[in-house]
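Novice: My questions all concern the structure below.
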Amino acid sequence: MKTAILMTTLVLSFTTPVLASDDHNHEAAVEAAPHGGTLRNAGDHKAEIVIEGDKLKLYVYDKALKPIKMEKAELKGNVQFPKEKSKPIIFKKSGEFYEALVKGISKTHRYDMHVNLEIGSKKTLVDFGIDNI
């Protein structure tokens, strides 16, 4: 009887953590985004997207989160909402950041956004997988 109870306890103690999974990544951010947005790695750089209503602001930094002076007047990208085709986005330079307007983005809780960065002669793609639950 003691063996049966011990075996049941062992089996339950090993299976409980597996049952607690909910398929979401809840890892803490390694560093805070300077403007309170979503920070992503972008090759040798980092990029932050700040969403205020349907307005987007994109900031580009080096690995130490120091702002990069970007030369391009525009950056191109796209956004894909669930069950819809990808839509193009054009970010226009506005001082130290780039901005764009995407109607309906504030009402959608999950989408993928990609932005093509050109920093000097280097090109890289930033992937913002947004999940605002």
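Letters A, B, ... mark the chains of the structure tokens in the order given; residue numbers begin at 1 per chain; ligand numbers begin at 1, in order shown.
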List the neighbours of Lys107 (chain A) out to 12 Å using only C-alpha atoms; skip same-chain residues closer than 4 positions along the sequence, and give me the result as a list in words.
Specialist: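 Final neighbour list, sorted by chain and number: Ile51, Glu52, Gly53, Asp54, Phe81, Val102, Lys103, Tyr111, Asp131, Asn132 and Ile133 of chain A.
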Novice: So that I have them on file, write out the residues from the current selection with all heavy atoms, as a compact mmCIF listing (two decimals), in the first residue's frame.
Specialist:
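What landed in selection25.txt:
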# COMPACT_ATOMS: atom_id res chain seq x y z
N ILE A 51 3.24 51.91 -30.10
CA ILE A 51 1.93 52.01 -30.73
C ILE A 51 1.04 52.89 -29.86
O ILE A 51 0.83 52.60 -28.68
CB ILE A 51 1.30 50.61 -30.91
CG1 ILE A 51 2.24 49.75 -31.76
CG2 ILE A 51 -0.08 50.72 -31.53
CD1 ILE A 51 1.88 48.30 -31.80
N GLU A 52 0.56 53.98 -30.44
CA GLU A 52 -0.34 54.91 -29.76
C GLU A 52 -1.58 55.06 -30.62
O GLU A 52 -1.56 55.78 -31.61
CB GLU A 52 0.35 56.27 -29.56
CG GLU A 52 1.58 56.18 -28.68
CD GLU A 52 2.43 57.44 -28.72
OE1 GLU A 52 2.23 58.31 -29.60
OE2 GLU A 52 3.32 57.54 -27.86
N GLY A 53 -2.63 54.34 -30.27
CA GLY A 53 -3.82 54.31 -31.13
C GLY A 53 -3.45 53.60 -32.42
O GLY A 53 -2.95 52.48 -32.41
N ASP A 54 -3.66 54.26 -33.55
CA ASP A 54 -3.29 53.69 -34.85
C ASP A 54 -1.98 54.26 -35.38
O ASP A 54 -1.59 53.99 -36.50
CB ASP A 54 -4.41 53.92 -35.87
CG ASP A 54 -5.64 53.06 -35.57
OD1 ASP A 54 -5.54 52.12 -34.76
OD2 ASP A 54 -6.71 53.35 -36.14
N PHE A 81 -2.60 40.91 -40.19
CA PHE A 81 -3.58 40.60 -39.16
C PHE A 81 -4.08 39.18 -39.37
O PHE A 81 -4.01 38.66 -40.48
CB PHE A 81 -4.75 41.59 -39.23
CG PHE A 81 -4.36 43.01 -38.98
CD1 PHE A 81 -4.51 43.97 -39.97
CD2 PHE A 81 -3.83 43.41 -37.77
CE1 PHE A 81 -4.16 45.29 -39.75
CE2 PHE A 81 -3.46 44.73 -37.53
CZ PHE A 81 -3.63 45.66 -38.52
N VAL A 102 -1.48 53.02 -39.24
CA VAL A 102 -2.10 51.76 -39.68
C VAL A 102 -3.48 51.69 -39.04
O VAL A 102 -3.61 51.46 -37.83
CB VAL A 102 -1.26 50.53 -39.27
CG1 VAL A 102 -1.97 49.25 -39.70
CG2 VAL A 102 0.12 50.61 -39.87
N LYS A 103 -4.50 51.94 -39.85
CA LYS A 103 -5.87 51.94 -39.32
C LYS A 103 -6.26 50.57 -38.80
O LYS A 103 -6.01 49.56 -39.44
CB LYS A 103 -6.84 52.39 -40.40
CG LYS A 103 -6.58 53.83 -40.81
CD LYS A 103 -7.74 54.40 -41.57
CE LYS A 103 -7.36 55.76 -42.06
NZ LYS A 103 -8.02 56.85 -41.50
N TYR A 111 -0.85 40.27 -34.19
CA TYR A 111 -0.47 40.45 -35.59
C TYR A 111 1.04 40.36 -35.73
O TYR A 111 1.78 40.43 -34.75
CB TYR A 111 -0.96 41.79 -36.15
CG TYR A 111 -0.64 42.97 -35.30
CD1 TYR A 111 0.55 43.66 -35.45
CD2 TYR A 111 -1.53 43.40 -34.32
CE1 TYR A 111 0.86 44.75 -34.65
CE2 TYR A 111 -1.23 44.48 -33.52
CZ TYR A 111 -0.04 45.15 -33.69
OH TYR A 111 0.26 46.21 -32.90
N ASP A 131 1.51 40.46 -29.56
CA ASP A 131 0.44 39.71 -28.92
C ASP A 131 -0.03 40.53 -27.72
O ASP A 131 0.51 40.44 -26.64
CB ASP A 131 0.95 38.34 -28.47
CG ASP A 131 -0.16 37.39 -28.09
OD1 ASP A 131 -1.33 37.79 -28.15
OD2 ASP A 131 0.17 36.25 -27.73
N ASN A 132 -1.02 41.39 -27.94
CA ASN A 132 -1.51 42.30 -26.88
C ASN A 132 -2.71 41.72 -26.17
O ASN A 132 -3.81 42.23 -26.25
CB ASN A 132 -1.91 43.65 -27.50
CG ASN A 132 -0.74 44.36 -28.09
OD1 ASN A 132 0.34 44.33 -27.55
ND2 ASN A 132 -0.96 45.03 -29.21
N ILE A 133 -2.49 40.66 -25.45
CA ILE A 133 -3.61 40.05 -24.72
C ILE A 133 -3.64 40.62 -23.32
O ILE A 133 -2.68 40.82 -22.68
CB ILE A 133 -3.47 38.52 -24.68
CG1 ILE A 133 -3.62 37.99 -26.08
CG2 ILE A 133 -4.49 37.91 -23.77
CD1 ILE A 133 -3.49 36.51 -26.23
Novice: Residues at most 7 Å from region 112-128 of chain A, counting only C-alpha atoms, excluding those fewer than 2 positions away in the same chain, as number ranges by chain?
Specialist: A: 40, 42-43, 70, 75-81, 130
Novice: By how many Å are CA of Thr108 (chain A) and CA of Tyr61 (chain A) apart?
Specialist: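 For CA of Thr108 (chain A) relative to CA of Tyr61 (chain A), the distance reads 26.8 Å.
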Novice: Calculated over only C-alpha atoms, which of the candidates A:Arg110, A:Gly104, A:Pro82, A:Glu96 has the smallest distance to Gly129 (chain A)?
Specialist: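 Using only C-alpha atoms, the shortest distance to Gly129 (chain A) belongs to A:Arg110.
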Novice: What's the 6 Å shell around Ala47 (chain A), counting only C-alpha atoms, without same-chain residues fewer than 5 positions away, as a PyMOL selection string?
Specialist: chain A and resi 39-40+59-60
Novice: Those same residues - N, CA, C and O atoms - I'd like them written as a PDB file, in the first residue's frame.
Specialist:
ATOM      1  N   LEU A  39      10.558  45.932 -27.885  1.00  0.00           N
ATOM      2  CA  LEU A  39      11.943  45.949 -28.345  1.00  0.00           C
ATOM      3  C   LEU A  39      12.296  44.609 -28.972  1.00  0.00           C
ATOM      4  O   LEU A  39      11.998  43.563 -28.414  1.00  0.00           O
ATOM      5  N   ARG A  40      12.947  44.644 -30.142  1.00  0.00           N
ATOM      6  CA  ARG A  40      13.373  43.428 -30.833  1.00  0.00           C
ATOM      7  C   ARG A  40      14.802  43.582 -31.335  1.00  0.00           C
ATOM      8  O   ARG A  40      15.235  44.678 -31.685  1.00  0.00           O
ATOM      9  N   TYR A  59      11.814  53.281 -33.450  1.00  0.00           N
ATOM     10  CA  TYR A  59      13.119  53.788 -33.036  1.00  0.00           C
ATOM     11  C   TYR A  59      14.156  52.714 -33.334  1.00  0.00           C
ATOM     12  O   TYR A  59      13.877  51.521 -33.168  1.00  0.00           O
ATOM     13  N   VAL A  60      15.354  53.123 -33.729  1.00  0.00           N
ATOM     14  CA  VAL A  60      16.430  52.178 -34.040  1.00  0.00           C
ATOM     15  C   VAL A  60      17.633  52.517 -33.165  1.00  0.00           C
ATOM     16  O   VAL A  60      18.006  53.686 -33.029  1.00  0.00           O
TER      17      VAL A  60
END
